[in-house]
Amino acid sequence: MPQDYAEDAEYNEEQDAETVEAGEEQEDYDQDEAADAGAADEYDDEDDEDLYADYVESDLSGSRKAVLIGINYPDSDAPLQGCWNDVANMKEYITENWGFTEENTLVLTDEQDPGSELFPTRANILAAMQWLIEGAEPNSSLWLSFSGHGLQEQDQAGGDEADGQDEAIAPVDYETAGTIVDDEMNRILVQQLPQGARLTVIFDCCHSGSALDLPLLYDATGHRIKKQKKEGDVVVSHDEQNERKKGTTADVIFISGCQDNQTSADTENKLVGKTGALSFALLKTLQETEGEISYIDLLAAVREHMKETDETQVPQLSSAHKMDMNSIFKV
């Protein structure tokens with residue numbers, strides 16, 4: 001049976017290796033208003049029927065496939081400790097509760113044989129992502145989770161990032177093979193999906209807020225947030241055409257551990273040991289509610305768990321389409 005996250009949830013925060021250097025403190029902020037600080041505090045609830053007219057929601061009755069990636073980088077200068085546990089705990093939950101099977105699940109961790117196709121090199125992660133979406137059909141349900149290092153690097157796509165930064169994840173060999181940036185993940189995971197296929201993505205890593213470059217961002221009150229970022233004291237808007245290019249007629253939901261400009265923490269729980277803060281809060285929420293929770297309540301509850309343990313990161317929820325945040329979170 002899965003670990004009971006709903007029991008005594010006392011755990012101690014351990015800062016991710018990519019957080020601020022020792023002695024440096026993150027800025028104080030009001031988490032209730034953070035609904036998406038990093039974006040401007042403006043709502044964008046007006047319908048754009050032209051952009052989303054062809055979107056079809058998945059009824060989740062079709063085939064299921066999952067990819068789970070956890071990288072602890074044990075031999076690096078910036079090791080993590082909770083990512084293997086994240087993968088094990090998440091896999092246990094999705095197989096016991098959502099019908100994913102061993103046969104249709106790939107688990108990539110750097111505790112495996114370096115010569116294996118399941119060792120999370122850049123090439124193997126990209127191959128796993130491609131495997132995930134191959135054969136997808138309307139009403140398929142696909143799952144991708146990543147726990148490891150996330151980072152930002154200069155936008156190479158010619159201005160599709162308002163802050164000039166791409167968000168990226170770090171494969172185990174990122175120092176030699178390179179990172180995997182948001183543009184590439186959007187191209188593989190989002191743009192190739194057929195109409196009506198569902199992809200649920202969870203990224204428990206730093207700088208992950210818009211790591212799939214999805215066009216719509218929601219806050220914990222159910223409003224869509226205008227996709228704007230700050231450059232110094234100046235608020236700049238995303239180009240609307242770029243937003244359109246990153247959308248899809250598929251059904252894509254992305255939950256990330258923090259805003260683009262934030263880091264994500266490892267935590268420790270006496271029941272599950274080291275774990276990512278988002279992974280712990282998400283699984284704890286799902287167990288507390290027995291999986292019957294709306295998107296709006298899920299986002300609010302995960303953020304509340306962060307606040308209870310003094311985490312400064314603000315999880316984000318974005319999508320490739322307009323969504324009813326009061327509908328039940330299903331996979």
# chains A, B, ... in the order shown; residues from 1 in each chain; ligands from 1

call {"tool": "select_by_dssp", "arguments": {"residues": "segment 169-319 of chain A", "states": "strand (DSSP E or B)", "output": "PyMOL selection string"}}
result
chain A and resi 169+180-181+198-204+216-218+224-225+228-231+234-237+251-256+266-269+273-276+294+316-319

call {"tool": "write_last_selection", "arguments": {"atoms": "C-alpha atoms", "output": "PDB file, in the first residue's frame"}}
result
ATOM      1  CA  ILE A 169      15.558  20.395 -17.128  1.00  0.00           C
ATOM      2  CA  ILE A 180      16.373  19.993 -22.505  1.00  0.00           C
ATOM      3  CA  VAL A 181      14.670  23.366 -22.928  1.00  0.00           C
ATOM      4  CA  ARG A 198      -4.652  13.817 -22.346  1.00  0.00           C
ATOM      5  CA  LEU A 199      -1.146  14.487 -21.072  1.00  0.00           C
ATOM      6  CA  THR A 200      -0.650  15.205 -17.356  1.00  0.00           C
ATOM      7  CA  VAL A 201       2.806  16.525 -16.452  1.00  0.00           C
ATOM      8  CA  ILE A 202       4.353  17.073 -13.004  1.00  0.00           C
ATOM      9  CA  PHE A 203       7.740  18.822 -12.720  1.00  0.00           C
ATOM     10  CA  ASP A 204       9.271  18.943  -9.247  1.00  0.00           C
ATOM     11  CA  LEU A 216      -2.699  29.448 -20.178  1.00  0.00           C
ATOM     12  CA  LEU A 217      -1.774  29.910 -16.517  1.00  0.00           C
ATOM     13  CA  TYR A 218      -4.350  29.592 -13.718  1.00  0.00           C
ATOM     14  CA  ARG A 224      -6.547  32.770 -15.880  1.00  0.00           C
ATOM     15  CA  ILE A 225      -3.502  34.957 -15.402  1.00  0.00           C
ATOM     16  CA  GLN A 228       3.360  38.492 -18.324  1.00  0.00           C
ATOM     17  CA  LYS A 229       6.716  38.619 -16.594  1.00  0.00           C
ATOM     18  CA  LYS A 230       8.818  41.318 -15.041  1.00  0.00           C
ATOM     19  CA  GLU A 231      12.165  42.514 -16.338  1.00  0.00           C
ATOM     20  CA  VAL A 234       9.028  46.744 -16.161  1.00  0.00           C
ATOM     21  CA  VAL A 235       6.150  44.385 -16.972  1.00  0.00           C
ATOM     22  CA  VAL A 236       6.323  42.928 -20.462  1.00  0.00           C
ATOM     23  CA  SER A 237       3.749  40.782 -22.269  1.00  0.00           C
ATOM     24  CA  ASP A 251      -5.775  18.016 -23.472  1.00  0.00           C
ATOM     25  CA  VAL A 252      -2.569  19.009 -21.626  1.00  0.00           C
ATOM     26  CA  ILE A 253      -2.311  19.846 -17.900  1.00  0.00           C
ATOM     27  CA  PHE A 254       0.971  20.895 -16.269  1.00  0.00           C
ATOM     28  CA  ILE A 255       1.636  21.233 -12.526  1.00  0.00           C
ATOM     29  CA  SER A 256       5.035  22.666 -11.643  1.00  0.00           C
ATOM     30  CA  ASP A 266      13.772  18.926  -1.011  1.00  0.00           C
ATOM     31  CA  THR A 267      12.013  18.015   2.219  1.00  0.00           C
ATOM     32  CA  GLU A 268      12.177  15.110   4.641  1.00  0.00           C
ATOM     33  CA  ASN A 269       9.284  13.170   6.113  1.00  0.00           C
ATOM     34  CA  GLY A 273      12.347   9.997   3.878  1.00  0.00           C
ATOM     35  CA  LYS A 274      13.767  12.566   1.490  1.00  0.00           C
ATOM     36  CA  THR A 275      11.309  13.819  -1.104  1.00  0.00           C
ATOM     37  CA  GLY A 276      10.600  16.796  -3.313  1.00  0.00           C
ATOM     38  CA  SER A 294     -11.140  19.902  -8.122  1.00  0.00           C
ATOM     39  CA  GLN A 316       1.823  26.617 -10.737  1.00  0.00           C
ATOM     40  CA  LEU A 317      -0.913  25.098 -12.909  1.00  0.00           C
ATOM     41  CA  SER A 318      -1.007  25.740 -16.631  1.00  0.00           C
ATOM     42  CA  SER A 319      -2.819  24.199 -19.561  1.00  0.00           C
TER      43      SER A 319
END

call {"tool": "residues_around", "arguments": {"residues": "Ala277 of chain A", "least_positions_apart": "4", "cutoff": "10 Å", "atoms": "only C-alpha atoms", "output": "ChimeraX atom specification"}}
result
/A:13-14,16,82,86,204-205,257,264-268,281-282,302,305-306,309,311,313,315

call {"tool": "write_last_selection", "arguments": {"atoms": "C-alpha atoms", "output": "short mmCIF file (atom, residue, chain, number, x, y, z; two decimals), in the first residue's frame"}}
result
data_model
loop_
_atom_site.label_atom_id
_atom_site.label_comp_id
_atom_site.auth_asym_id
_atom_site.auth_seq_id
_atom_site.Cartn_x
_atom_site.Cartn_y
_atom_site.Cartn_z
CA GLU A 13 12.99 21.48 4.87
CA GLU A 14 16.26 20.90 3.12
CA ASP A 16 17.76 22.25 -3.02
CA GLY A 82 14.70 12.96 -2.82
CA ASP A 86 9.60 10.85 -5.70
CA ASP A 204 9.27 18.94 -9.25
CA CYS A 205 12.31 21.09 -9.97
CA GLY A 257 6.82 23.07 -8.32
CA SER A 264 12.23 24.17 -5.43
CA ALA A 265 13.11 22.45 -2.17
CA ASP A 266 13.77 18.93 -1.01
CA THR A 267 12.01 18.02 2.22
CA GLU A 268 12.18 15.11 4.64
CA ALA A 281 2.39 17.98 -1.11
CA LEU A 282 0.64 16.62 -4.21
CA VAL A 302 -0.76 22.05 -2.48
CA HIS A 305 0.96 22.59 2.41
CA MET A 306 3.93 24.60 1.18
CA THR A 309 6.10 24.16 6.20
CA GLU A 311 8.36 26.71 1.76
CA GLN A 313 8.00 28.22 -3.68
CA PRO A 315 3.38 25.75 -7.40
#

call {"tool": "closest_residue", "arguments": {"among": "A:Trp84, A:Tyr55, A:Tyr174, A:Phe119", "to": "Ala197 of chain A", "atoms": "only C-alpha atoms"}}
result
A:Tyr55

call {"tool": "closest_residue", "arguments": {"among": "A:Gln112, A:Glu134, A:Gln156, A:Leu278", "to": "Ile188 of chain A", "atoms": "only C-alpha atoms"}}
result
A:Glu134

call {"tool": "closest_residue", "arguments": {"among": "A:Asn85, A:Thr179, A:Asn326, A:Gln152", "to": "Arg122 of chain A", "atoms": "only C-alpha atoms"}}
result
A:Thr179

call {"tool": "residues_around", "arguments": {"residues": "Leu189 of chain A", "least_positions_apart": "5", "cutoff": "9 Å", "atoms": "only C-alpha atoms", "output": "MDAnalysis selection string"}}
result
chainID A and resid 129:130 132:133 184 199 212

call {"tool": "closest_residue", "arguments": {"among": "A:Gln287, A:Ser210, A:Gln259, A:Thr248", "to": "Arg187 of chain A", "atoms": "only C-alpha atoms"}}
result
A:Thr248

call {"tool": "closest_residue", "arguments": {"among": "A:Asp213, A:Glu137, A:Glu292, A:Glu304", "to": "Val56 of chain A", "atoms": "only C-alpha atoms"}}
result
A:Glu137

call {"tool": "atom_distance", "arguments": {"atom1": "atom CA of Asp183 of chain A", "atom2": "atom CA of Glu153 of chain A"}}
result
12.0 Å
